[in-house]
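J.: I'm passing along final02.cif; it holds mmCIF, C-alpha atoms and all ligand atoms.
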```
data_my_file
loop_
_atom_site.group_PDB
_atom_site.id
_atom_site.type_symbol
_atom_site.label_atom_id
_atom_site.label_comp_id
_atom_site.auth_asym_id
_atom_site.auth_seq_id
_atom_site.Cartn_x
_atom_site.Cartn_y
_atom_site.Cartn_z
ATOM 1 C CA MET A 899 -0.912 25.015 -2.822
ATOM 2 C CA ALA A 900 0.796 24.898 0.575
ATOM 3 C CA ALA A 901 0.389 21.624 2.506
ATOM 4 C CA GLN A 902 -1.290 23.406 5.419
ATOM 5 C CA ASP A 903 -4.151 24.370 3.034
ATOM 6 C CA GLY A 904 -4.602 20.850 1.618
ATOM 7 C CA ARG A 905 -7.660 18.669 2.139
ATOM 8 C CA LEU A 906 -5.746 16.503 4.660
ATOM 9 C CA ALA A 907 -4.436 19.452 6.696
ATOM 10 C CA GLY A 908 -4.238 18.533 10.374
ATOM 11 C CA ARG A 909 -4.607 14.801 9.709
ATOM 12 C CA ARG A 910 -2.105 12.306 11.122
ATOM 13 C CA ALA A 911 -1.246 9.326 8.944
ATOM 14 C CA ILE A 912 0.620 6.039 9.012
ATOM 15 C CA VAL A 913 1.761 4.531 5.715
ATOM 16 C CA THR A 914 3.374 1.085 5.874
ATOM 17 C CA GLY A 915 5.934 0.008 3.309
ATOM 18 C CA ALA A 916 6.565 3.695 2.668
ATOM 19 C CA ALA A 917 10.290 3.514 1.918
ATOM 20 C CA HIS A 918 9.840 2.537 -1.723
ATOM 21 C CA GLY A 919 7.452 2.334 -4.616
ATOM 22 C CA ILE A 920 3.721 2.792 -4.206
ATOM 23 C CA GLY A 921 4.010 3.398 -0.436
ATOM 24 C CA ARG A 922 6.528 6.170 -1.013
ATOM 25 C CA ALA A 923 4.196 7.789 -3.564
ATOM 26 C CA ILE A 924 1.305 7.528 -1.083
ATOM 27 C CA ALA A 925 3.344 9.114 1.724
ATOM 28 C CA GLN A 926 4.422 11.918 -0.614
ATOM 29 C CA ARG A 927 0.833 12.542 -1.736
ATOM 30 C CA LEU A 928 -0.663 12.522 1.783
ATOM 31 C CA ALA A 929 2.044 14.953 2.951
ATOM 32 C CA HIS A 930 1.437 17.129 -0.110
ATOM 33 C CA ASP A 931 -2.260 17.218 0.805
ATOM 34 C CA GLY A 932 -1.384 18.407 4.316
ATOM 35 C CA ALA A 933 -1.141 15.261 6.472
ATOM 36 C CA ARG A 934 1.732 14.603 8.848
ATOM 37 C CA VAL A 935 2.987 11.163 7.888
ATOM 38 C CA ALA A 936 4.733 8.365 9.792
ATOM 39 C CA LEU A 937 6.553 6.140 7.312
ATOM 40 C CA LEU A 938 6.722 2.585 8.664
ATOM 41 C CA ASP A 939 9.070 0.186 6.899
ATOM 42 C CA ARG A 940 11.670 -2.444 7.668
ATOM 43 C CA ASP A 941 14.190 -0.698 5.348
ATOM 44 C CA ARG A 942 15.638 1.985 7.624
ATOM 45 C CA ALA A 943 18.068 3.609 5.176
ATOM 46 C CA ALA A 944 15.536 4.040 2.387
ATOM 47 C CA GLY A 945 12.740 4.992 4.804
ATOM 48 C CA GLU A 946 14.802 7.758 6.381
ATOM 49 C CA ALA A 947 15.781 9.030 2.941
ATOM 50 C CA THR A 948 12.138 9.099 1.823
ATOM 51 C CA ALA A 949 11.027 10.916 4.983
ATOM 52 C CA ALA A 950 13.840 13.473 4.562
ATOM 53 C CA ALA A 951 12.876 14.007 0.918
ATOM 54 C CA ILE A 952 9.276 14.724 1.945
ATOM 55 C CA ARG A 953 10.396 17.174 4.636
ATOM 56 C CA ASP A 954 12.773 18.926 2.212
ATOM 57 C CA GLY A 955 10.597 18.720 -0.876
ATOM 58 C CA GLY A 956 9.334 21.921 -2.374
ATOM 59 C CA GLY A 957 9.203 23.872 0.889
ATOM 60 C CA ASP A 958 5.438 23.379 1.175
ATOM 61 C CA GLY A 959 5.506 22.144 4.742
ATOM 62 C CA GLY A 960 5.451 18.352 4.240
ATOM 63 C CA ASP A 961 5.970 16.697 7.600
ATOM 64 C CA ALA A 962 7.235 13.122 7.761
ATOM 65 C CA ALA A 963 9.183 10.802 10.037
ATOM 66 C CA PHE A 964 10.507 7.282 9.573
ATOM 67 C CA ILE A 965 9.691 4.557 12.124
ATOM 68 C CA GLU A 966 11.233 1.116 11.726
ATOM 69 C CA CYS A 967 8.642 -1.682 11.695
ATOM 70 C CA ASP A 968 8.136 -5.222 10.464
ATOM 71 C CA VAL A 969 4.385 -5.510 9.872
ATOM 72 C CA ALA A 970 4.571 -9.312 10.137
ATOM 73 C CA ASP A 971 5.589 -8.981 13.813
ATOM 74 C CA PRO A 972 2.744 -7.825 16.107
ATOM 75 C CA ALA A 973 5.157 -6.564 18.785
ATOM 76 C CA SER A 974 6.990 -4.451 16.213
ATOM 77 C CA VAL A 975 3.682 -2.999 14.967
ATOM 78 C CA ARG A 976 2.477 -2.231 18.492
ATOM 79 C CA ALA A 977 5.735 -0.399 19.244
ATOM 80 C CA ALA A 978 5.635 1.537 15.954
ATOM 81 C CA VAL A 979 2.039 2.637 16.541
ATOM 82 C CA ALA A 980 3.016 3.787 20.061
ATOM 83 C CA GLN A 981 5.974 5.737 18.627
ATOM 84 C CA THR A 982 3.654 7.366 16.083
ATOM 85 C CA VAL A 983 1.298 8.443 18.848
ATOM 86 C CA ASP A 984 4.246 9.839 20.841
ATOM 87 C CA TRP A 985 5.055 11.989 17.809
ATOM 88 C CA LEU A 986 1.614 12.901 16.482
ATOM 89 C CA GLY A 987 -0.703 12.444 19.471
ATOM 90 C CA GLY A 988 -3.098 10.206 17.512
ATOM 91 C CA ILE A 989 -3.874 8.667 14.130
ATOM 92 C CA ASP A 990 -6.537 9.701 11.604
ATOM 93 C CA ILE A 991 -5.381 7.692 8.554
ATOM 94 C CA LEU A 992 -3.852 4.220 8.248
ATOM 95 C CA VAL A 993 -2.600 3.016 4.866
ATOM 96 C CA ASN A 994 -1.654 -0.674 4.877
ATOM 97 C CA ASN A 995 0.620 -0.889 1.856
ATOM 98 C CA ALA A 996 3.599 -3.070 2.874
ATOM 99 C CA GLY A 997 3.686 -6.190 0.748
ATOM 100 C CA ILE A 998 5.936 -8.752 -0.897
ATOM 101 C CA PRO A 999 5.288 -10.828 -4.033
ATOM 102 C CA GLY A 1000 6.959 -14.033 -2.850
ATOM 103 C CA PRO A 1001 7.924 -16.645 -5.417
ATOM 104 C CA LEU A 1002 5.451 -16.856 -8.318
ATOM 105 C CA VAL A 1003 5.308 -20.638 -8.848
ATOM 106 C CA PRO A 1004 2.548 -23.291 -8.991
ATOM 107 C CA ALA A 1005 1.308 -24.421 -5.556
ATOM 108 C CA ASP A 1006 3.012 -27.837 -5.652
ATOM 109 C CA GLU A 1007 6.359 -26.060 -6.096
ATOM 110 C CA LEU A 1008 5.736 -23.486 -3.358
ATOM 111 C CA ASP A 1009 7.767 -23.923 -0.170
ATOM 112 C CA PRO A 1010 5.439 -23.798 2.877
ATOM 113 C CA ALA A 1011 7.841 -21.277 4.445
ATOM 114 C CA ASP A 1012 7.290 -18.929 1.475
ATOM 115 C CA TRP A 1013 3.516 -19.420 1.741
ATOM 116 C CA ALA A 1014 3.685 -18.526 5.441
ATOM 117 C CA ARG A 1015 5.872 -15.453 4.872
ATOM 118 C CA VAL A 1016 3.667 -14.029 2.095
ATOM 119 C CA LEU A 1017 0.554 -14.503 4.269
ATOM 120 C CA ALA A 1018 2.360 -13.060 7.326
ATOM 121 C CA VAL A 1019 3.385 -9.840 5.586
ATOM 122 C CA ASN A 1020 0.552 -9.276 3.118
ATOM 123 C CA LEU A 1021 -2.459 -10.382 5.181
ATOM 124 C CA SER A 1022 -1.488 -10.716 8.869
ATOM 125 C CA GLY A 1023 0.451 -7.442 8.516
ATOM 126 C CA VAL A 1024 -2.798 -5.662 7.665
ATOM 127 C CA PHE A 1025 -4.523 -7.249 10.647
ATOM 128 C CA HIS A 1026 -1.677 -6.301 13.036
ATOM 129 C CA CYS A 1027 -1.694 -2.653 11.956
ATOM 130 C CA ALA A 1028 -5.490 -2.503 12.020
ATOM 131 C CA LYS A 1029 -5.632 -4.064 15.483
ATOM 132 C CA TYR A 1030 -3.290 -1.542 17.086
ATOM 133 C CA ALA A 1031 -4.419 1.533 15.108
ATOM 134 C CA LEU A 1032 -8.208 1.039 15.223
ATOM 135 C CA PRO A 1033 -8.757 2.424 18.744
ATOM 136 C CA LEU A 1034 -6.847 5.549 17.682
ATOM 137 C CA LEU A 1035 -8.695 5.850 14.360
ATOM 138 C CA GLU A 1036 -11.956 5.570 16.281
ATOM 139 C CA ALA A 1037 -10.845 8.198 18.804
ATOM 140 C CA SER A 1038 -10.044 10.629 15.977
ATOM 141 C CA GLY A 1039 -13.746 10.818 15.079
ATOM 142 C CA HIS A 1040 -13.061 10.547 11.327
ATOM 143 C CA GLY A 1041 -10.751 7.563 10.897
ATOM 144 C CA ALA A 1042 -9.924 6.206 7.467
ATOM 145 C CA MET A 1043 -8.122 2.963 6.658
ATOM 146 C CA ILE A 1044 -6.984 2.119 3.145
ATOM 147 C CA ASN A 1045 -5.600 -1.338 2.422
ATOM 148 C CA ILE A 1046 -3.547 -1.965 -0.708
ATOM 149 C CA ALA A 1047 -4.776 -5.205 -2.258
ATOM 150 C CA SER A 1048 -4.127 -6.203 -5.901
ATOM 151 C CA THR A 1049 -5.913 -7.192 -9.058
ATOM 152 C CA PHE A 1050 -4.469 -10.649 -8.222
ATOM 153 C CA GLY A 1051 -6.790 -10.630 -5.192
ATOM 154 C CA MET A 1052 -9.775 -10.115 -7.529
ATOM 155 C CA VAL A 1053 -8.954 -12.513 -10.378
ATOM 156 C CA GLY A 1054 -6.594 -15.476 -10.638
ATOM 157 C CA ALA A 1055 -3.100 -15.165 -12.094
ATOM 158 C CA PRO A 1056 -0.551 -17.870 -12.955
ATOM 159 C CA GLY A 1057 1.670 -18.896 -10.030
ATOM 160 C CA ALA A 1058 0.089 -16.515 -7.533
ATOM 161 C CA ALA A 1059 -1.328 -18.996 -4.966
ATOM 162 C CA ALA A 1060 0.075 -17.313 -1.860
ATOM 163 C CA TYR A 1061 0.019 -13.731 -3.143
ATOM 164 C CA GLY A 1062 -3.465 -14.051 -4.628
ATOM 165 C CA ALA A 1063 -4.851 -15.733 -1.509
ATOM 166 C CA ALA A 1064 -3.328 -13.063 0.726
ATOM 167 C CA LYS A 1065 -4.665 -10.207 -1.402
ATOM 168 C CA ALA A 1066 -8.141 -11.787 -1.633
ATOM 169 C CA GLY A 1067 -7.900 -12.007 2.152
ATOM 170 C CA VAL A 1068 -7.085 -8.292 2.343
ATOM 171 C CA ILE A 1069 -10.251 -7.530 0.368
ATOM 172 C CA GLY A 1070 -12.342 -9.744 2.674
ATOM 173 C CA LEU A 1071 -10.737 -8.294 5.806
ATOM 174 C CA THR A 1072 -11.421 -4.774 4.521
ATOM 175 C CA ARG A 1073 -15.126 -5.544 4.104
ATOM 176 C CA GLN A 1074 -15.235 -7.072 7.569
ATOM 177 C CA LEU A 1075 -13.517 -4.077 9.175
ATOM 178 C CA ALA A 1076 -15.930 -1.751 7.385
ATOM 179 C CA VAL A 1077 -18.904 -3.660 8.816
ATOM 180 C CA ASP A 1078 -17.518 -3.616 12.356
ATOM 181 C CA TYR A 1079 -16.000 -0.127 12.458
ATOM 182 C CA THR A 1080 -17.997 2.150 10.147
ATOM 183 C CA PRO A 1081 -20.669 2.407 12.889
ATOM 184 C CA ARG A 1082 -17.803 3.510 15.154
ATOM 185 C CA GLY A 1083 -16.649 6.257 12.777
ATOM 186 C CA VAL A 1084 -13.871 4.482 10.875
ATOM 187 C CA ARG A 1085 -14.185 3.908 7.131
ATOM 188 C CA ALA A 1086 -12.212 0.975 5.653
ATOM 189 C CA ASN A 1087 -11.583 0.587 1.933
ATOM 190 C CA ALA A 1088 -9.199 -1.280 -0.337
ATOM 191 C CA VAL A 1089 -7.413 -0.219 -3.492
ATOM 192 C CA SER A 1090 -6.412 -2.862 -6.035
ATOM 193 C CA PRO A 1091 -3.531 -1.723 -8.232
ATOM 194 C CA GLY A 1092 -2.884 -3.363 -11.577
ATOM 195 C CA TYR A 1093 0.413 -3.014 -13.443
ATOM 196 C CA ILE A 1094 2.384 -0.241 -11.774
ATOM 197 C CA ASP A 1095 5.657 1.014 -13.225
ATOM 198 C CA ASN A 1096 7.621 0.785 -10.066
ATOM 199 C CA ASP A 1097 11.212 1.135 -9.014
ATOM 200 C CA MET A 1098 12.847 -0.914 -11.722
ATOM 201 C CA ASP A 1099 16.038 1.043 -11.025
ATOM 202 C CA ARG A 1100 16.188 -0.488 -7.542
ATOM 203 C CA ARG A 1101 15.247 -3.956 -8.738
ATOM 204 C CA ARG A 1102 17.855 -3.746 -11.522
ATOM 205 C CA SER A 1103 20.606 -3.690 -8.894
ATOM 206 C CA ARG A 1104 19.586 -7.246 -7.896
ATOM 207 C CA MET A 1105 19.446 -8.577 -11.467
ATOM 208 C CA THR A 1106 21.684 -9.019 -14.457
ATOM 209 C CA PRO A 1107 20.957 -6.472 -17.225
ATOM 210 C CA GLU A 1108 19.441 -9.321 -19.260
ATOM 211 C CA GLU A 1109 17.096 -10.337 -16.390
ATOM 212 C CA ALA A 1110 16.048 -6.713 -15.843
ATOM 213 C CA ALA A 1111 15.349 -6.216 -19.550
ATOM 214 C CA ALA A 1112 13.262 -9.409 -19.580
ATOM 215 C CA VAL A 1113 11.206 -8.282 -16.556
ATOM 216 C CA VAL A 1114 10.584 -4.850 -18.059
ATOM 217 C CA ALA A 1115 9.640 -6.352 -21.424
ATOM 218 C CA GLU A 1116 7.249 -8.853 -19.824
ATOM 219 C CA ARG A 1117 5.511 -6.208 -17.694
ATOM 220 C CA GLU A 1118 5.186 -3.870 -20.681
ATOM 221 C CA ARG A 1119 3.852 -6.717 -22.851
ATOM 222 C CA ALA A 1120 1.258 -7.690 -20.219
ATOM 223 C CA ALA A 1121 0.235 -4.058 -19.651
ATOM 224 C CA ARG A 1122 -0.240 -3.495 -23.409
ATOM 225 C CA LEU A 1123 -2.893 -6.265 -23.414
ATOM 226 C CA GLN A 1124 -5.034 -4.378 -20.879
ATOM 227 C CA PRO A 1125 -7.607 -1.754 -21.856
ATOM 228 C CA ALA A 1126 -5.402 1.192 -20.794
ATOM 229 C CA GLY A 1127 -2.492 -0.358 -22.688
ATOM 230 C CA ARG A 1128 0.174 0.873 -20.273
ATOM 231 C CA GLN A 1129 1.508 0.618 -16.744
ATOM 232 C CA ALA A 1130 0.534 3.270 -14.197
ATOM 233 C CA ASP A 1131 2.735 5.665 -12.319
ATOM 234 C CA PRO A 1132 2.632 5.016 -8.520
ATOM 235 C CA ALA A 1133 1.240 8.557 -8.153
ATOM 236 C CA GLU A 1134 -1.940 7.389 -9.924
ATOM 237 C CA VAL A 1135 -2.526 4.888 -7.085
ATOM 238 C CA ALA A 1136 -1.614 7.492 -4.462
ATOM 239 C CA ALA A 1137 -4.229 9.916 -5.818
ATOM 240 C CA VAL A 1138 -7.021 7.385 -5.188
ATOM 241 C CA VAL A 1139 -5.664 6.603 -1.710
ATOM 242 C CA ALA A 1140 -5.632 10.333 -0.873
ATOM 243 C CA PHE A 1141 -9.249 10.627 -2.002
ATOM 244 C CA LEU A 1142 -10.294 7.665 0.183
ATOM 245 C CA ALA A 1143 -8.401 9.160 3.137
ATOM 246 C CA SER A 1144 -10.220 12.459 2.787
ATOM 247 C CA ASP A 1145 -13.690 13.648 3.761
ATOM 248 C CA ASP A 1146 -14.497 13.716 0.018
ATOM 249 C CA ALA A 1147 -15.000 9.940 0.459
ATOM 250 C CA SER A 1148 -17.183 10.334 3.558
ATOM 251 C CA PHE A 1149 -19.808 7.807 2.343
ATOM 252 C CA VAL A 1150 -17.349 5.306 0.815
ATOM 253 C CA THR A 1151 -16.621 2.304 3.028
ATOM 254 C CA GLY A 1152 -16.202 -1.424 2.515
ATOM 255 C CA ALA A 1153 -15.316 -0.805 -1.134
ATOM 256 C CA THR A 1154 -12.493 -2.198 -3.226
ATOM 257 C CA ILE A 1155 -11.495 0.228 -5.954
ATOM 258 C CA PRO A 1156 -9.454 -1.191 -8.831
ATOM 259 C CA VAL A 1157 -6.758 1.187 -10.077
ATOM 260 C CA ASP A 1158 -5.821 -1.118 -12.906
ATOM 261 C CA GLY A 1159 -6.420 0.527 -16.273
ATOM 262 C CA GLY A 1160 -9.398 -1.764 -16.797
ATOM 263 C CA CYS A 1161 -7.646 -5.161 -16.260
ATOM 264 C CA THR A 1162 -10.339 -6.623 -14.037
ATOM 265 C CA ALA A 1163 -13.166 -5.200 -16.186
ATOM 266 C CA PHE A 1164 -11.868 -7.092 -19.204
ATOM 267 C CA PHE A 1165 -12.511 -10.724 -20.176
ATOM 268 C CA ASN A 1166 -9.424 -11.132 -22.348
ATOM 269 C CA LEU A 1167 -10.215 -12.918 -25.633
ATOM 270 C CA GLY A 1168 -6.618 -12.610 -26.807
ATOM 271 C CA ARG A 1169 -7.183 -9.297 -28.543
ATOM 272 C CA ARG A 1170 -8.184 -5.792 -27.555
HETATM 273 N N1 LIG B 1 3.850 -2.804 -8.145
HETATM 274 C C1 LIG B 1 2.735 -3.347 -8.598
HETATM 275 O O1 LIG B 1 2.568 -3.520 -9.829
HETATM 276 C C2 LIG B 1 1.647 -3.749 -7.635
HETATM 277 C C3 LIG B 1 0.439 -4.216 -8.156
HETATM 278 C C4 LIG B 1 -0.579 -4.590 -7.281
HETATM 279 C C5 LIG B 1 -0.407 -4.477 -5.908
HETATM 280 N N2 LIG B 1 0.776 -4.020 -5.415
HETATM 281 C C6 LIG B 1 0.892 -3.924 -3.961
HETATM 282 O O2 LIG B 1 1.269 -2.609 -3.620
HETATM 283 C C7 LIG B 1 2.033 -2.621 -2.415
HETATM 284 C C8 LIG B 1 3.355 -1.920 -2.647
HETATM 285 O O3 LIG B 1 4.042 -2.602 -3.676
HETATM 286 P P1 LIG B 1 5.313 -1.993 -4.417
HETATM 287 O O4 LIG B 1 5.270 -2.490 -5.804
HETATM 288 O O5 LIG B 1 5.412 -0.539 -4.161
HETATM 289 O O6 LIG B 1 6.466 -2.801 -3.666
HETATM 290 P P2 LIG B 1 7.952 -2.341 -3.245
HETATM 291 O O7 LIG B 1 8.718 -3.599 -3.091
HETATM 292 O O8 LIG B 1 8.468 -1.304 -4.184
HETATM 293 O O9 LIG B 1 7.720 -1.672 -1.835
HETATM 294 C C9 LIG B 1 7.241 -2.418 -0.747
HETATM 295 C C10 LIG B 1 7.698 -1.738 0.529
HETATM 296 O O10 LIG B 1 7.228 -2.530 1.624
HETATM 297 C C11 LIG B 1 8.311 -2.725 2.525
HETATM 298 N N3 LIG B 1 8.093 -3.969 3.250
HETATM 299 C C12 LIG B 1 8.146 -5.227 2.769
HETATM 300 N N4 LIG B 1 7.921 -6.101 3.756
HETATM 301 C C13 LIG B 1 7.719 -5.383 4.887
HETATM 302 C C14 LIG B 1 7.457 -5.723 6.239
HETATM 303 N N5 LIG B 1 7.365 -6.990 6.631
HETATM 304 N N6 LIG B 1 7.285 -4.728 7.130
HETATM 305 C C15 LIG B 1 7.397 -3.432 6.750
HETATM 306 N N7 LIG B 1 7.666 -3.052 5.490
HETATM 307 C C16 LIG B 1 7.833 -4.026 4.568
HETATM 308 C C17 LIG B 1 9.562 -2.745 1.653
HETATM 309 O O11 LIG B 1 10.739 -2.476 2.405
HETATM 310 C C18 LIG B 1 9.219 -1.651 0.635
HETATM 311 O O12 LIG B 1 9.591 -0.382 1.113
HETATM 312 C C19 LIG B 1 2.200 -4.100 -2.032
HETATM 313 O O13 LIG B 1 1.222 -4.446 -1.075
HETATM 314 C C20 LIG B 1 1.954 -4.809 -3.351
HETATM 315 O O14 LIG B 1 1.505 -6.137 -3.155
HETATM 316 C C21 LIG B 1 1.802 -3.659 -6.235
#
```
As a first step, turn the structure in this file into structure tokens.
Ligand SMILES: NC(=O)c1ccc[n+]([C@@H]2O[C@H](COP(=O)([O-])OP(=O)(O)OC[C@H]3O[C@@H](n4cnc5c(N)ncnc54)[C@H](O)[C@@H]3O)[C@@H](O)[C@H]2O)c1
T.:
Amino acid sequence: MAAQDGRLAGRRAIVTGAAHGIGRAIAQRLAHDGARVALLDRDRAAGEATAAAIRDGGGDGGDAAFIECDVADPASVRAAVAQTVDWLGGIDILVNNAGIPGPLVPADELDPADWARVLAVNLSGVFHCAKYALPLLEASGHGAMINIASTFGMVGAPGAAAYGAAKAGVIGLTRQLAVDYTPRGVRANAVSPGYIDNDMDRRRSRMTPEEAAAVVAERERAARLQPAGRQADPAEVAAVVAFLASDDASFVTGATIPVDGGCTAFFNLGRR
């Protein structure tokens, strides 16, 4: 199907953290479904490459542009939203995906600077983008915001004080935005991914082969304990985001949808 015939044809989207991983898959999927997509990221080289790949991919009319942005910096977000409007004339869809894990250590070992950075990117970043995009989403008449939370925002996980608090905050902020803005025509929902098989090739370049093998083995071990028994492809998260962005989800707002292979449905008794 050509992009211009997709269910998001004519829609204008921002995806943050779109250079890599889940954000890249979301940008690709929204473009495939017909949206014109601004890819906001702090990684210029990778963001430009991703935008070019969308424009070149498959000849089905995907339209994408990279805009440099640090979501933790309100001035940077305001400028990036203004640049998007210069290009697209407005915004119908905002996907707040940019996020960092930070160090996964117990709270007494966590440096306050790391706590502050994880909160600044993962939670304040969502607020900054919402703040500057909401008037445009409202003006579109059918605005949709999708915030990428995490299963770690729904249940506790070892060493995830900052990350878990930030992601629980994203879920709470999403509900709040839905209450305030659904009456004004903007739906706000969250998606909580579980174990996603993501970009180990890129991460490998920062690790020794032994470290990379250990990370892969640990993620695969943890995923095998969950009901689905595997990690997901980023495209499986992107498909749910595309649904929430579309008019097919016209009565869905304030919801958090786990895309986690059943992790958060499961009280783990040590066996499946
Ligand atoms: N991968 C998983 O298993 C998983 C599970 C649950 C939730 N998530 C969430 O999904 C989202 C994407 O994760 P991912 O695994 O694709 O990560 P990733 O590291 O592959 O990609 C994150 C992207 O965000 C960008 N980014 C980071 N900080 C930024 C900032 N301050 N401003 C702008 N861009 C910034 C990075 O450059 C990168 O392109 C995150 O919010 C993450 O917390 C991921």
J.: Once you count all atoms listed in the file, which residues end up within 7 Å of ligand LIG 1 (chain B), and could you hand them over as an MDAnalysis selection string?
T.: chainID A and resid 914:921 938:941 967:970 995:999 1019:1020 1046:1049 1090:1097
J.: Those same residues - C-alpha atoms - I'd like them written as a compact mmCIF listing (two decimals), in the coordinates of the input.
T.:
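So part.txt came out as:
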```txt
# COMPACT_ATOMS: atom_id res chain seq x y z
CA THR A 914 3.37 1.08 5.87
CA GLY A 915 5.93 0.01 3.31
CA ALA A 916 6.56 3.70 2.67
CA ALA A 917 10.29 3.51 1.92
CA HIS A 918 9.84 2.54 -1.72
CA GLY A 919 7.45 2.33 -4.62
CA ILE A 920 3.72 2.79 -4.21
CA GLY A 921 4.01 3.40 -0.44
CA LEU A 938 6.72 2.58 8.66
CA ASP A 939 9.07 0.19 6.90
CA ARG A 940 11.67 -2.44 7.67
CA ASP A 941 14.19 -0.70 5.35
CA CYS A 967 8.64 -1.68 11.70
CA ASP A 968 8.14 -5.22 10.46
CA VAL A 969 4.38 -5.51 9.87
CA ALA A 970 4.57 -9.31 10.14
CA ASN A 995 0.62 -0.89 1.86
CA ALA A 996 3.60 -3.07 2.87
CA GLY A 997 3.69 -6.19 0.75
CA ILE A 998 5.94 -8.75 -0.90
CA PRO A 999 5.29 -10.83 -4.03
CA VAL A 1019 3.38 -9.84 5.59
CA ASN A 1020 0.55 -9.28 3.12
CA ILE A 1046 -3.55 -1.96 -0.71
CA ALA A 1047 -4.78 -5.20 -2.26
CA SER A 1048 -4.13 -6.20 -5.90
CA THR A 1049 -5.91 -7.19 -9.06
CA SER A 1090 -6.41 -2.86 -6.04
CA PRO A 1091 -3.53 -1.72 -8.23
CA GLY A 1092 -2.88 -3.36 -11.58
CA TYR A 1093 0.41 -3.01 -13.44
CA ILE A 1094 2.38 -0.24 -11.77
CA ASP A 1095 5.66 1.01 -13.22
CA ASN A 1096 7.62 0.78 -10.07
CA ASP A 1097 11.21 1.14 -9.01
```
J.: Can you tell me how far CA of Asn1087 (chain A) sits from CA of Val1003 (chain A), in Å to one decimal?
T.: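 Between CA of Asn1087 (chain A) and CA of Val1003 (chain A) the gap works out to 29.2 Å.
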J.: Considering all atoms listed in the file, return as a list of chain:residue names whatever protein or nucleic-acid residues lie within 8 Å of Ala1060 (chain A), sequence-local ones (same chain, fewer than 4 positions apart) excluded.
T.: A:Gly1000, A:Trp1013, A:Val1016, A:Leu1017, A:Ala1064
J.: Determine the residue set returned by the PyMOL selection byres (((chain A and resi 988) around 8) and not hetatm) for the present structure, and present it as number ranges by chain.
T.: A: 910, 982-983, 986-987, 989-990, 1034-1035, 1038
J.: Which polymer residues have any atom within 9 Å of an atom of Leu937 (chain A), counting only C-alpha atoms, with same-chain residues fewer than 5 positions away left out, as a ChimeraX atom specification?
T.: /A:911-917,921-922,925,945-946,948-949,962-966
J.: Here is a test: counting only C-alpha atoms, which residue of A:Asp1158, A:Asp1012, A:Glu1116, A:Asp931 is nearest to Ala1140 (chain A)?
T.: A:Asp931
J.: For the structure provided, state which residues fall under the PyMOL selection byres (((chain A and resi 1071) around 12) and not hetatm), and present them as a count of residues only.
T.: 38
J.: Assuming 8 Å of padding per side, give the centre and edge lengths of the axis-aligned box around every listed atom of region 986-990 of chain A, in Å to one decimal and as AutoDock Vina command-line options.
T.:
```
--center_x -2.5 --center_y 10.8 --center_z 15.5 --size_x 24.2 --size_y 20.2 --size_z 23.9
```
J.: Considering only C-alpha atoms, can you say which of A:Ala1115, A:Ala1014, A:Leu1032, A:Ala943 comes closest to Leu992 (chain A)?
T.: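 Closest to Leu992 (chain A), using only C-alpha atoms: A:Leu1032.
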J.: Name the residues in contact with Val1139 (chain A) at a cut-off of 9 Å, using all atoms listed in the file, excluding same-chain residues fewer than 3 positions from it; report them as a VMD selection string.
T.: chain A and resid 924 927 to 928 993 1044 to 1046 1088 to 1089 1135 to 1136 1142 to 1144
J.: Let's have the selection written as a PDB file, keeping the file's coordinate frame, with C-alpha atoms.
T.:
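Printed below is result_19.pdb as written:
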```pdb
ATOM      1  CA  ILE A 924       1.305   7.528  -1.083  1.00  0.00           C
ATOM      2  CA  ARG A 927       0.833  12.542  -1.736  1.00  0.00           C
ATOM      3  CA  LEU A 928      -0.663  12.522   1.783  1.00  0.00           C
ATOM      4  CA  VAL A 993      -2.600   3.016   4.866  1.00  0.00           C
ATOM      5  CA  ILE A1044      -6.984   2.119   3.145  1.00  0.00           C
ATOM      6  CA  ASN A1045      -5.600  -1.338   2.422  1.00  0.00           C
ATOM      7  CA  ILE A1046      -3.547  -1.965  -0.708  1.00  0.00           C
ATOM      8  CA  ALA A1088      -9.199  -1.280  -0.337  1.00  0.00           C
ATOM      9  CA  VAL A1089      -7.413  -0.219  -3.492  1.00  0.00           C
ATOM     10  CA  VAL A1135      -2.526   4.888  -7.085  1.00  0.00           C
ATOM     11  CA  ALA A1136      -1.614   7.492  -4.462  1.00  0.00           C
ATOM     12  CA  LEU A1142     -10.294   7.665   0.183  1.00  0.00           C
ATOM     13  CA  ALA A1143      -8.401   9.160   3.137  1.00  0.00           C
ATOM     14  CA  SER A1144     -10.220  12.459   2.787  1.00  0.00           C
TER      15      SER A1144
END
```
J.: Evaluate the PyMOL selection byres (((chain A and resi 976) around 9) and not hetatm) and record the selected residues as an MDAnalysis selection string, following the chain and residue labels used in the document.
T.: chainID A and resid 971:975 977:981 1026:1027 1029:1031
J.: Can you write just those residues out, C-alpha atoms, as an mmCIF file, in the frame of the given file?
T.:
```cif
data_model
loop_
_atom_site.group_PDB
_atom_site.id
_atom_site.type_symbol
_atom_site.label_atom_id
_atom_site.label_comp_id
_atom_site.auth_asym_id
_atom_site.auth_seq_id
_atom_site.Cartn_x
_atom_site.Cartn_y
_atom_site.Cartn_z
ATOM 1 C CA ASP A 971 5.589 -8.981 13.813
ATOM 2 C CA PRO A 972 2.744 -7.825 16.107
ATOM 3 C CA ALA A 973 5.157 -6.564 18.785
ATOM 4 C CA SER A 974 6.990 -4.451 16.213
ATOM 5 C CA VAL A 975 3.682 -2.999 14.967
ATOM 6 C CA ALA A 977 5.735 -0.399 19.244
ATOM 7 C CA ALA A 978 5.635 1.537 15.954
ATOM 8 C CA VAL A 979 2.039 2.637 16.541
ATOM 9 C CA ALA A 980 3.016 3.787 20.061
ATOM 10 C CA GLN A 981 5.974 5.737 18.627
ATOM 11 C CA HIS A 1026 -1.677 -6.301 13.036
ATOM 12 C CA CYS A 1027 -1.694 -2.653 11.956
ATOM 13 C CA LYS A 1029 -5.632 -4.064 15.483
ATOM 14 C CA TYR A 1030 -3.290 -1.542 17.086
ATOM 15 C CA ALA A 1031 -4.419 1.533 15.108
#
```
